[in-house]
Amino acid sequence: MPRKRTPTVAALLRLGLIGKDDWGTALQQALEVSCDLIGVDRANYWSLRDDPSAVVCELGYVPSTKLLERGFALLESSSPEYFEAIREAQVLAIRDARADPRSRTLGAYLELHGISAMLDVPVFSQGRLVGILCHEHVGGPRSWSSREEELALTMSHILTALLEQRARNQAEENERRALFLAQASNAIAQTLDLGEARLAAVRRAIPRLGEMASLVRYDGAHTECVATAHAQAEQEPLITEMCARYCQDMTRPGLTFQALRERQSLLAQVADADAMRKLQLPEGQIELLSRLRVRSTMSVLLTVRDAITGVLTFWSDSRNYDREDLQFAEAYAQQVSTVLENINLLARAQEALRARDEFLELAGHELRTPLTSLEFAVDLLRKKLVEPLLPAVRNAVDTIARQATRLSRLTELVVLAPLHEGSPPLRAEMLDLAALVREVARDQEASKAFICSELEIRADAPVMLRGDRTALEVVVSNLLGNAMKFGAGRPIEVRVEADPDTATLSVRDHGIGIPRNHLPSIFQRYERYVSPNSFGGLGLGLYIAARLVMAHGGKIRADSRPGEGSTFTVELPV
């Protein structure tokens, strides 16, 4: 006999009261109303799944016992006739389910629940089949009236509306979550202090992810609780005390350290005293959790390039976390990990720069003492030497004096550069570029640098400009050294020319040349187009030359072809 039905008016009133915001509650209410309207022993909603094609019971309701069911799966490959029928029918009314060819392959499921008749309707959303609403009769065969079929069809339309509302709610929630993650990341990134950023990370999570939060730092061997927060200021000392006492040692029990040891996210939907004792938490920590009225907790990992850097733990005193909460917490943790790592890298880079500047300052200070002594010794040597001097002796003394002065000025350039935001600090004076080039070339020749190359210089007419003598000596020296290194022992040609606005220096060799695809990057730091095993150096000479030329407001360029040599041209304003 069919179940006694609730009057239609009363059932329709219940339909009007179904909430649309909570899909799970709305679905349960719809199934209860469906059982009352049609008078069946069971009602289920099955979601369609792909790969493999199947339907899975999202929720089932048994009115006689108030029992809820969930999770049973039916594969299309086991019951192809039923799936074909439900796709083609508007309403699938089966009087005898065990005999009907459309449903008899469901025998195991029918036997399990004693089902003898079925009234099933497909559920569509946005024109696509997404599920099945099933009304099941237990006992003997049952014929379904046209009114019952119409009621079943109406209930499927109601589920369609609920599904579409759920999709809209989910889209809105996804937008809210994306906005929250973006705003939280920006807020955390506002501070460049790592400690403040960690504290901001836990505070920004409240109350969106829970009323309480903590962050435990992990360096691969040790842990440390570095930030805590509570939505209520008067409760914050409790969460701080708990983390100080029980969240510092990764060998301790608890969800935070279990997640760290197992390298996975963990969720305890129920976090009462009994559940916490099963996690082997000490009684003192359980007492603090009770005073905080914790209902649910979850822990997610902070990771950077597959390395774990910490654990975020959230507690709630007002809700029980679910799978979606855990996924959202994981997304938040990933955002936090990226921001904290960027701040950490910036802090390390700044510390490295400070260490570099301190070293340069120290090195410059220590170099000044021997350089001052060297310059003093050269002056004394000049005074003590008796004229007439041999030309070789005079040239040697003059060379020592020039190189000591140059080295002293180079030391200033290196030491003072950080104070000028990395730009070389120039000491401008009027100088003759042609004379400077001849002087540098003379020193190079005296050092036997060009023993394998003939140096041809055309720099006869004075070319006056304002510039830093030492910096321009470095430019010329680096270009000549580069030509000697890659010139294959062939002649090197140097030209110094000028027009009313520009002084031009060109250095040309006839050596191995540079491939065209390397020319755009030849002035970058550490850029090399040949093996360091064949040619020494760090790939810094041209980079330094380019920086010094640009500091003078000039330009430098290279023109080359493999096997035909290279020409480097410097243009400086006069």
# chains A, B, ... in the order shown; residues from 1 in each chain; ligands from 1
>>> select_by_dssp(residues="stretch 30-66 of chain A", states="helix (DSSP H, G or I)", output="ChimeraX atom specification")
/A:30-38
>>> write_last_selection(atoms="N, CA, C and O atoms", output="PDB file, in the first residue's frame")
ATOM      1  N   ALA A  30      13.442  19.252  -0.163  1.00  0.00           N
ATOM      2  CA  ALA A  30      12.747  18.901  -1.397  1.00  0.00           C
ATOM      3  C   ALA A  30      12.432  17.409  -1.441  1.00  0.00           C
ATOM      4  O   ALA A  30      11.339  17.002  -1.876  1.00  0.00           O
ATOM      5  N   LEU A  31      13.370  16.577  -0.990  1.00  0.00           N
ATOM      6  CA  LEU A  31      13.119  15.131  -0.974  1.00  0.00           C
ATOM      7  C   LEU A  31      12.020  14.775   0.031  1.00  0.00           C
ATOM      8  O   LEU A  31      11.181  13.896  -0.229  1.00  0.00           O
ATOM      9  N   GLU A  32      12.012  15.430   1.179  1.00  0.00           N
ATOM     10  CA  GLU A  32      10.958  15.180   2.168  1.00  0.00           C
ATOM     11  C   GLU A  32       9.584  15.542   1.596  1.00  0.00           C
ATOM     12  O   GLU A  32       8.619  14.794   1.750  1.00  0.00           O
ATOM     13  N   VAL A  33       9.492  16.709   0.946  1.00  0.00           N
ATOM     14  CA  VAL A  33       8.225  17.129   0.342  1.00  0.00           C
ATOM     15  C   VAL A  33       7.817  16.173  -0.765  1.00  0.00           C
ATOM     16  O   VAL A  33       6.640  15.819  -0.922  1.00  0.00           O
ATOM     17  N   SER A  34       8.799  15.734  -1.563  1.00  0.00           N
ATOM     18  CA  SER A  34       8.511  14.811  -2.657  1.00  0.00           C
ATOM     19  C   SER A  34       7.920  13.507  -2.128  1.00  0.00           C
ATOM     20  O   SER A  34       6.964  12.965  -2.689  1.00  0.00           O
ATOM     21  N   CYS A  35       8.484  12.984  -1.028  1.00  0.00           N
ATOM     22  CA  CYS A  35       7.937  11.764  -0.420  1.00  0.00           C
ATOM     23  C   CYS A  35       6.501  11.981   0.043  1.00  0.00           C
ATOM     24  O   CYS A  35       5.622  11.116  -0.131  1.00  0.00           O
ATOM     25  N   ASP A  36       6.221  13.156   0.630  1.00  0.00           N
ATOM     26  CA  ASP A  36       4.883  13.446   1.116  1.00  0.00           C
ATOM     27  C   ASP A  36       3.887  13.619  -0.016  1.00  0.00           C
ATOM     28  O   ASP A  36       2.756  13.114   0.035  1.00  0.00           O
ATOM     29  N   LEU A  37       4.276  14.336  -1.058  1.00  0.00           N
ATOM     30  CA  LEU A  37       3.364  14.603  -2.167  1.00  0.00           C
ATOM     31  C   LEU A  37       2.969  13.334  -2.914  1.00  0.00           C
ATOM     32  O   LEU A  37       1.803  13.127  -3.260  1.00  0.00           O
ATOM     33  N   ILE A  38       3.948  12.476  -3.186  1.00  0.00           N
ATOM     34  CA  ILE A  38       3.709  11.308  -4.037  1.00  0.00           C
ATOM     35  C   ILE A  38       3.447  10.059  -3.200  1.00  0.00           C
ATOM     36  O   ILE A  38       2.921   9.064  -3.695  1.00  0.00           O
TER      37      ILE A  38
END
>>> residues_around(residues="A:Gly467", least_positions_apart="3", cutoff="12 Å", atoms="only C-alpha atoms", output="PDB file with N, CA and C atoms, in the first residue's frame")
ATOM      1  N   PRO A 425      80.404  57.515  -9.033  1.00  0.00           N
ATOM      2  CA  PRO A 425      80.505  58.931  -8.675  1.00  0.00           C
ATOM      3  C   PRO A 425      81.626  59.593  -9.480  1.00  0.00           C
ATOM      4  N   LEU A 426      81.251  60.480 -10.381  1.00  0.00           N
ATOM      5  CA  LEU A 426      82.233  61.071 -11.278  1.00  0.00           C
ATOM      6  C   LEU A 426      82.818  62.360 -10.704  1.00  0.00           C
ATOM      7  N   ARG A 427      84.088  62.560 -10.984  1.00  0.00           N
ATOM      8  CA  ARG A 427      84.773  63.796 -10.602  1.00  0.00           C
ATOM      9  C   ARG A 427      85.190  64.474 -11.909  1.00  0.00           C
ATOM     10  N   ALA A 428      84.323  65.364 -12.398  1.00  0.00           N
ATOM     11  CA  ALA A 428      84.507  65.930 -13.740  1.00  0.00           C
ATOM     12  C   ALA A 428      85.595  66.989 -13.750  1.00  0.00           C
ATOM     13  N   GLU A 429      86.354  67.007 -14.850  1.00  0.00           N
ATOM     14  CA  GLU A 429      87.379  68.017 -15.088  1.00  0.00           C
ATOM     15  C   GLU A 429      87.573  68.137 -16.587  1.00  0.00           C
ATOM     16  N   MET A 430      88.147  69.234 -17.040  1.00  0.00           N
ATOM     17  CA  MET A 430      88.463  69.370 -18.458  1.00  0.00           C
ATOM     18  C   MET A 430      89.687  68.513 -18.775  1.00  0.00           C
ATOM     19  N   LEU A 431      89.569  67.700 -19.814  1.00  0.00           N
ATOM     20  CA  LEU A 431      90.685  66.830 -20.174  1.00  0.00           C
ATOM     21  C   LEU A 431      90.711  66.642 -21.685  1.00  0.00           C
ATOM     22  N   ASP A 432      91.838  66.170 -22.149  1.00  0.00           N
ATOM     23  CA  ASP A 432      92.054  65.904 -23.568  1.00  0.00           C
ATOM     24  C   ASP A 432      91.912  64.397 -23.779  1.00  0.00           C
ATOM     25  N   LEU A 433      90.841  63.994 -24.446  1.00  0.00           N
ATOM     26  CA  LEU A 433      90.594  62.569 -24.658  1.00  0.00           C
ATOM     27  C   LEU A 433      91.690  61.936 -25.499  1.00  0.00           C
ATOM     28  N   LEU A 436      94.629  61.337 -23.303  1.00  0.00           N
ATOM     29  CA  LEU A 436      94.333  60.261 -22.344  1.00  0.00           C
ATOM     30  C   LEU A 436      94.473  58.905 -23.023  1.00  0.00           C
ATOM     31  N   VAL A 463      91.185  66.684 -28.235  1.00  0.00           N
ATOM     32  CA  VAL A 463      89.721  66.541 -28.166  1.00  0.00           C
ATOM     33  C   VAL A 463      89.325  66.826 -26.727  1.00  0.00           C
ATOM     34  N   MET A 464      88.874  68.054 -26.469  1.00  0.00           N
ATOM     35  CA  MET A 464      88.600  68.482 -25.105  1.00  0.00           C
ATOM     36  C   MET A 464      87.152  68.178 -24.715  1.00  0.00           C
ATOM     37  N   THR A 470      89.839  59.095 -14.381  1.00  0.00           N
ATOM     38  CA  THR A 470      90.045  57.684 -14.044  1.00  0.00           C
ATOM     39  C   THR A 470      88.996  56.801 -14.715  1.00  0.00           C
ATOM     40  N   ALA A 471      87.717  57.238 -14.713  1.00  0.00           N
ATOM     41  CA  ALA A 471      86.664  56.432 -15.331  1.00  0.00           C
ATOM     42  C   ALA A 471      86.915  56.249 -16.821  1.00  0.00           C
ATOM     43  N   LEU A 472      87.314  57.308 -17.498  1.00  0.00           N
ATOM     44  CA  LEU A 472      87.570  57.193 -18.930  1.00  0.00           C
ATOM     45  C   LEU A 472      88.822  56.368 -19.206  1.00  0.00           C
ATOM     46  N   GLU A 473      89.814  56.417 -18.314  1.00  0.00           N
ATOM     47  CA  GLU A 473      90.973  55.535 -18.452  1.00  0.00           C
ATOM     48  C   GLU A 473      90.544  54.074 -18.382  1.00  0.00           C
ATOM     49  N   VAL A 475      87.581  52.893 -19.241  1.00  0.00           N
ATOM     50  CA  VAL A 475      86.881  52.591 -20.495  1.00  0.00           C
ATOM     51  C   VAL A 475      87.890  52.253 -21.588  1.00  0.00           C
ATOM     52  N   ALA A 503      82.530  63.812 -28.968  1.00  0.00           N
ATOM     53  CA  ALA A 503      83.855  63.191 -29.097  1.00  0.00           C
ATOM     54  C   ALA A 503      83.656  61.706 -29.337  1.00  0.00           C
ATOM     55  N   LEU A 548      80.237  53.212 -17.264  1.00  0.00           N
ATOM     56  CA  LEU A 548      80.988  54.459 -17.124  1.00  0.00           C
ATOM     57  C   LEU A 548      80.678  55.432 -18.260  1.00  0.00           C
ATOM     58  N   VAL A 549      80.504  54.896 -19.471  1.00  0.00           N
ATOM     59  CA  VAL A 549      80.147  55.761 -20.600  1.00  0.00           C
ATOM     60  C   VAL A 549      78.769  56.376 -20.371  1.00  0.00           C
ATOM     61  N   MET A 550      77.799  55.563 -19.942  1.00  0.00           N
ATOM     62  CA  MET A 550      76.451  56.085 -19.696  1.00  0.00           C
ATOM     63  C   MET A 550      76.450  57.104 -18.569  1.00  0.00           C
ATOM     64  N   ALA A 551      77.321  56.909 -17.551  1.00  0.00           N
ATOM     65  CA  ALA A 551      77.416  57.885 -16.461  1.00  0.00           C
ATOM     66  C   ALA A 551      77.891  59.238 -16.968  1.00  0.00           C
ATOM     67  N   HIS A 552      78.610  59.250 -18.083  1.00  0.00           N
ATOM     68  CA  HIS A 552      79.057  60.506 -18.704  1.00  0.00           C
ATOM     69  C   HIS A 552      78.011  61.061 -19.662  1.00  0.00           C
ATOM     70  N   GLY A 553      76.871  60.390 -19.787  1.00  0.00           N
ATOM     71  CA  GLY A 553      75.865  60.829 -20.744  1.00  0.00           C
ATOM     72  C   GLY A 553      76.165  60.429 -22.163  1.00  0.00           C
ATOM     73  N   GLY A 554      77.049  59.432 -22.331  1.00  0.00           N
ATOM     74  CA  GLY A 554      77.437  59.011 -23.660  1.00  0.00           C
ATOM     75  C   GLY A 554      76.787  57.714 -24.100  1.00  0.00           C
ATOM     76  N   LEU A 572      80.867  60.588 -26.687  1.00  0.00           N
ATOM     77  CA  LEU A 572      80.760  61.346 -25.445  1.00  0.00           C
ATOM     78  C   LEU A 572      80.431  62.799 -25.767  1.00  0.00           C
ATOM     79  N   PRO A 573      79.543  63.417 -24.993  1.00  0.00           N
ATOM     80  CA  PRO A 573      79.245  64.840 -25.237  1.00  0.00           C
ATOM     81  C   PRO A 573      80.429  65.707 -24.826  1.00  0.00           C
ATOM     82  N   VAL A 574      80.691  66.737 -25.631  1.00  0.00           N
ATOM     83  CA  VAL A 574      81.807  67.644 -25.323  1.00  0.00           C
ATOM     84  C   VAL A 574      81.301  68.932 -24.692  1.00  0.00           C
TER      85      VAL A 574
END
>>> atom_distance(atom1="atom CA of A:Leu505", atom2="atom CA of A:Glu571")
6.6 Å
>>> residues_around(residues="A:Ser78", least_positions_apart="3", cutoff="10 Å", atoms="only C-alpha atoms", output="PyMOL selection string")
chain A and resi 54+74-75+81-83+105-106
>>> write_last_selection(atoms="N, CA, C and O atoms", output="JSON list (two decimals), in the first residue's frame")
[["chain", "number", "residue", "atom", "x", "y", "z"],
["A", 54, "ALA", "N", 28.36, 7.47, -14.82],
["A", 54, "ALA", "CA", 27.66, 6.87, -13.68],
["A", 54, "ALA", "C", 26.77, 7.91, -13.05],
["A", 54, "ALA", "O", 26.84, 9.11, -13.37],
["A", 74, "LEU", "N", 25.97, 3.98, -9.40],
["A", 74, "LEU", "CA", 25.48, 3.05, -10.41],
["A", 74, "LEU", "C", 26.19, 3.37, -11.72],
["A", 74, "LEU", "O", 26.08, 4.49, -12.24],
["A", 75, "LEU", "N", 26.91, 2.40, -12.27],
["A", 75, "LEU", "CA", 27.66, 2.59, -13.51],
["A", 75, "LEU", "C", 26.76, 2.39, -14.72],
["A", 75, "LEU", "O", 25.94, 1.48, -14.76],
["A", 81, "GLU", "N", 20.55, 0.11, -20.39],
["A", 81, "GLU", "CA", 19.16, 0.31, -20.77],
["A", 81, "GLU", "C", 18.51, 1.41, -19.92],
["A", 81, "GLU", "O", 17.74, 2.23, -20.42],
["A", 82, "TYR", "N", 18.82, 1.39, -18.62],
["A", 82, "TYR", "CA", 18.23, 2.39, -17.73],
["A", 82, "TYR", "C", 18.73, 3.79, -18.10],
["A", 82, "TYR", "O", 17.96, 4.75, -18.18],
["A", 83, "PHE", "N", 20.04, 3.93, -18.36],
["A", 83, "PHE", "CA", 20.60, 5.24, -18.69],
["A", 83, "PHE", "C", 20.05, 5.75, -20.02],
["A", 83, "PHE", "O", 19.76, 6.94, -20.17],
["A", 105, "THR", "N", 18.27, -4.47, -14.84],
["A", 105, "THR", "CA", 19.71, -4.60, -14.62],
["A", 105, "THR", "C", 20.15, -3.87, -13.35],
["A", 105, "THR", "O", 21.31, -3.97, -12.95],
["A", 106, "LEU", "N", 19.24, -3.14, -12.70],
["A", 106, "LEU", "CA", 19.54, -2.51, -11.42],
["A", 106, "LEU", "C", 19.26, -3.48, -10.27],
["A", 106, "LEU", "O", 19.13, -3.06, -9.12]]
>>> closest_residue(among="A:Met276, A:Ala89, A:Leu407, A:Ala201", to="A:Gln334", atoms="only C-alpha atoms")
A:Ala201
>>> closest_residue(among="A:Val496, A:Ile514, A:Cys134, A:Leu385", to="A:Ile86", atoms="only C-alpha atoms")
A:Cys134
>>> atom_distance(atom1="atom CA of A:Glu164", atom2="atom CA of A:Gln269")
28.1 Å
>>> closest_residue(among="A:Ile94, A:Leu288, A:Leu480, A:Ile343", to="A:Ile239", atoms="only C-alpha atoms")
A:Leu288
>>> atom_distance(atom1="atom CA of A:Arg458", atom2="atom CA of A:Val474")
19.3 Å
>>> residues_around(residues="A:Ser125", least_positions_apart="3", cutoff="7 Å", atoms="only C-alpha atoms", output="list in words")
Arg128, Leu129, Val130, Thr160, Leu163 and Glu164 of chain A
>>> write_last_selection(atoms="C-alpha atoms", output="tab-separated table (two decimals), in the first residue's frame")
chain	number	residue	atom	x	y	z
A	128	ARG	CA	22.17	19.73	-19.83
A	129	LEU	CA	21.25	16.53	-17.98
A	130	VAL	CA	22.90	16.77	-14.57
A	160	THR	CA	16.61	22.58	-11.48
A	163	LEU	CA	20.79	23.80	-8.85
A	164	GLU	CA	20.94	26.98	-10.87
>>> residues_around(residues="A:Arg142", least_positions_apart="3", cutoff="10 Å", atoms="only C-alpha atoms", output="ChimeraX atom specification")
/A:1-2,93-97,116-119,136-139,145
>>> residues_around(residues="stretch 484-494 of chain A", least_positions_apart="6", cutoff="8 Å", atoms="only C-alpha atoms", output="compact mmCIF listing (two decimals) with all heavy atoms, in the first residue's frame")
# COMPACT_ATOMS: atom_id res chain seq x y z
N ALA A 449 101.40 44.26 -22.78
CA ALA A 449 100.08 43.70 -23.06
C ALA A 449 99.88 43.47 -24.56
O ALA A 449 99.15 42.59 -24.97
CB ALA A 449 98.99 44.64 -22.55
N PHE A 450 100.56 44.30 -25.40
CA PHE A 450 100.34 44.21 -26.84
C PHE A 450 101.54 43.57 -27.54
O PHE A 450 101.87 43.92 -28.67
CB PHE A 450 100.08 45.60 -27.41
CG PHE A 450 98.75 46.15 -27.02
CD1 PHE A 450 98.61 46.92 -25.89
CD2 PHE A 450 97.61 45.84 -27.75
CE1 PHE A 450 97.39 47.43 -25.51
CE2 PHE A 450 96.37 46.35 -27.39
CZ PHE A 450 96.25 47.14 -26.25
N CYS A 452 101.83 40.85 -28.86
CA CYS A 452 101.46 40.09 -30.07
C CYS A 452 100.65 40.94 -31.03
O CYS A 452 100.21 40.44 -32.06
CB CYS A 452 100.67 38.84 -29.69
SG CYS A 452 101.62 37.67 -28.72
N SER A 453 100.37 42.20 -30.70
CA SER A 453 99.53 43.04 -31.56
C SER A 453 100.22 44.37 -31.82
O SER A 453 100.86 44.94 -30.94
CB SER A 453 98.17 43.28 -30.89
OG SER A 453 97.49 42.06 -30.66
N GLU A 454 100.07 44.85 -33.05
CA GLU A 454 100.56 46.17 -33.41
C GLU A 454 99.45 47.18 -33.15
O GLU A 454 98.30 46.98 -33.59
CB GLU A 454 100.97 46.19 -34.88
CG GLU A 454 101.46 47.55 -35.34
CD GLU A 454 101.75 47.56 -36.82
OE1 GLU A 454 101.86 46.46 -37.42
OE2 GLU A 454 101.85 48.66 -37.39
N LEU A 455 99.75 48.24 -32.43
CA LEU A 455 98.75 49.24 -32.05
C LEU A 455 98.94 50.49 -32.90
O LEU A 455 99.98 51.13 -32.87
CB LEU A 455 98.89 49.58 -30.56
CG LEU A 455 97.82 50.47 -29.96
CD1 LEU A 455 96.44 49.82 -30.08
CD2 LEU A 455 98.14 50.73 -28.50
N GLU A 456 97.93 50.86 -33.67
CA GLU A 456 97.96 52.04 -34.53
C GLU A 456 96.99 53.06 -33.96
O GLU A 456 95.79 52.81 -33.86
CB GLU A 456 97.56 51.68 -35.95
CG GLU A 456 97.53 52.88 -36.89
CD GLU A 456 96.97 52.53 -38.26
OE1 GLU A 456 97.05 51.35 -38.65
OE2 GLU A 456 96.42 53.44 -38.91
N ILE A 457 97.47 54.22 -33.54
CA ILE A 457 96.64 55.24 -32.89
C ILE A 457 96.59 56.49 -33.75
O ILE A 457 97.63 57.03 -34.16
CB ILE A 457 97.19 55.59 -31.49
CG1 ILE A 457 97.21 54.35 -30.59
CG2 ILE A 457 96.35 56.70 -30.86
CD1 ILE A 457 97.79 54.61 -29.23
N ARG A 458 95.40 56.94 -34.03
CA ARG A 458 95.20 58.22 -34.70
C ARG A 458 94.45 59.11 -33.72
O ARG A 458 93.22 59.09 -33.63
CB ARG A 458 94.41 58.06 -35.99
CG ARG A 458 95.19 57.32 -37.07
CD ARG A 458 94.45 57.34 -38.38
NE ARG A 458 95.20 56.63 -39.41
CZ ARG A 458 94.75 56.47 -40.67
NH1 ARG A 458 93.57 56.97 -41.02
NH2 ARG A 458 95.49 55.82 -41.54
N ALA A 459 95.20 59.87 -32.94
CA ALA A 459 94.64 60.75 -31.93
C ALA A 459 95.57 61.95 -31.78
O ALA A 459 96.09 62.22 -30.70
CB ALA A 459 94.46 60.01 -30.61
N LEU A 505 85.42 57.88 -29.87
CA LEU A 505 86.54 56.96 -29.73
C LEU A 505 86.13 55.63 -30.35
O LEU A 505 85.07 55.09 -30.03
CB LEU A 505 86.89 56.75 -28.25
CG LEU A 505 87.76 55.53 -27.93
CD1 LEU A 505 89.17 55.70 -28.49
CD2 LEU A 505 87.80 55.28 -26.42
N SER A 506 86.96 55.10 -31.26
CA SER A 506 86.68 53.78 -31.83
C SER A 506 87.91 52.90 -31.70
O SER A 506 89.04 53.37 -31.88
CB SER A 506 86.27 53.89 -33.30
OG SER A 506 87.34 54.36 -34.09
N VAL A 507 87.65 51.64 -31.37
CA VAL A 507 88.72 50.65 -31.23
C VAL A 507 88.32 49.46 -32.11
O VAL A 507 87.27 48.82 -31.89
CB VAL A 507 88.89 50.19 -29.76
CG1 VAL A 507 89.97 49.12 -29.67
CG2 VAL A 507 89.22 51.38 -28.86
N ARG A 508 89.18 49.16 -33.09
CA ARG A 508 88.87 48.10 -34.05
C ARG A 508 89.95 47.04 -34.04
O ARG A 508 91.14 47.36 -34.06
CB ARG A 508 88.71 48.67 -35.46
CG ARG A 508 88.36 47.61 -36.50
CD ARG A 508 88.30 48.20 -37.88
NE ARG A 508 87.95 47.20 -38.88
CZ ARG A 508 87.93 47.40 -40.19
NH1 ARG A 508 88.27 48.60 -40.67
NH2 ARG A 508 87.60 46.43 -41.02
N ASP A 509 89.53 45.78 -33.98
CA ASP A 509 90.47 44.67 -34.12
C ASP A 509 90.07 43.85 -35.34
O ASP A 509 89.01 44.07 -35.94
CB ASP A 509 90.47 43.80 -32.86
CG ASP A 509 89.15 43.06 -32.64
OD1 ASP A 509 88.85 42.12 -33.41
OD2 ASP A 509 88.42 43.42 -31.69
N HIS A 510 90.92 42.92 -35.72
CA HIS A 510 90.68 42.07 -36.90
C HIS A 510 90.71 40.60 -36.48
O HIS A 510 91.26 39.76 -37.19
CB HIS A 510 91.72 42.36 -37.98
CG HIS A 510 91.70 43.77 -38.45
ND1 HIS A 510 90.89 44.21 -39.48
CD2 HIS A 510 92.37 44.87 -38.01
CE1 HIS A 510 91.07 45.51 -39.66
NE2 HIS A 510 91.97 45.93 -38.78
N GLY A 511 90.09 40.32 -35.35
CA GLY A 511 90.15 38.98 -34.78
C GLY A 511 88.94 38.12 -35.07
O GLY A 511 88.38 38.16 -36.17
N ILE A 512 88.50 37.38 -34.06
CA ILE A 512 87.49 36.33 -34.27
C ILE A 512 86.10 36.89 -34.48
O ILE A 512 85.23 36.21 -35.04
CB ILE A 512 87.48 35.35 -33.08
CG1 ILE A 512 87.10 36.09 -31.79
CG2 ILE A 512 88.81 34.65 -32.95
CD1 ILE A 512 86.95 35.15 -30.60
N GLY A 513 85.84 38.13 -34.04
CA GLY A 513 84.53 38.73 -34.24
C GLY A 513 83.49 38.18 -33.27
O GLY A 513 83.75 37.27 -32.46
N PHE A 535 89.43 31.74 -23.26
CA PHE A 535 89.75 33.14 -23.00
C PHE A 535 89.38 33.45 -21.56
O PHE A 535 88.26 33.22 -21.14
CB PHE A 535 88.97 34.06 -23.94
CG PHE A 535 89.30 33.88 -25.40
CD1 PHE A 535 88.60 32.96 -26.16
CD2 PHE A 535 90.32 34.61 -25.99
CE1 PHE A 535 88.90 32.78 -27.50
CE2 PHE A 535 90.62 34.44 -27.32
CZ PHE A 535 89.92 33.52 -28.08
N GLY A 565 86.52 40.50 -37.25
CA GLY A 565 86.89 41.44 -36.21
C GLY A 565 85.71 42.22 -35.67
O GLY A 565 84.55 42.02 -36.07
>>> residues_around(residues="A:Thr240", least_positions_apart="2", cutoff="12 Å", atoms="only C-alpha atoms", output="list in words")
Met212, Ala213, Ser214, Leu215, Cys225, Val226, Ala227, Thr228, Ala229, His230, Ala233, Glu234, Gln235, Glu236, Pro237, Leu238, Met242, Cys243, Ala244, Arg245, Tyr246, Cys247, Gln248, Gln285, Leu288, Leu289 and Leu292 of chain A
>>> closest_residue(among="A:Val339, A:Ile400, A:Ile132, A:Val91", to="A:Leu151", atoms="only C-alpha atoms")
A:Val91
>>> select_by_dssp(residues="stretch 5-111 of chain A", states="strand (DSSP E)", output="list in words")
Arg42, Ala43, Asn44, Tyr45, Trp46, Ser47, Leu48, Arg49, Ala54, Val55, Val56, Cys57, Glu58, Leu59, Gly60, Tyr61, Val62, Leu67, Leu68, Glu69, Ala73, Leu74, Leu75, Leu92, Ala93 and Ile94 of chain A
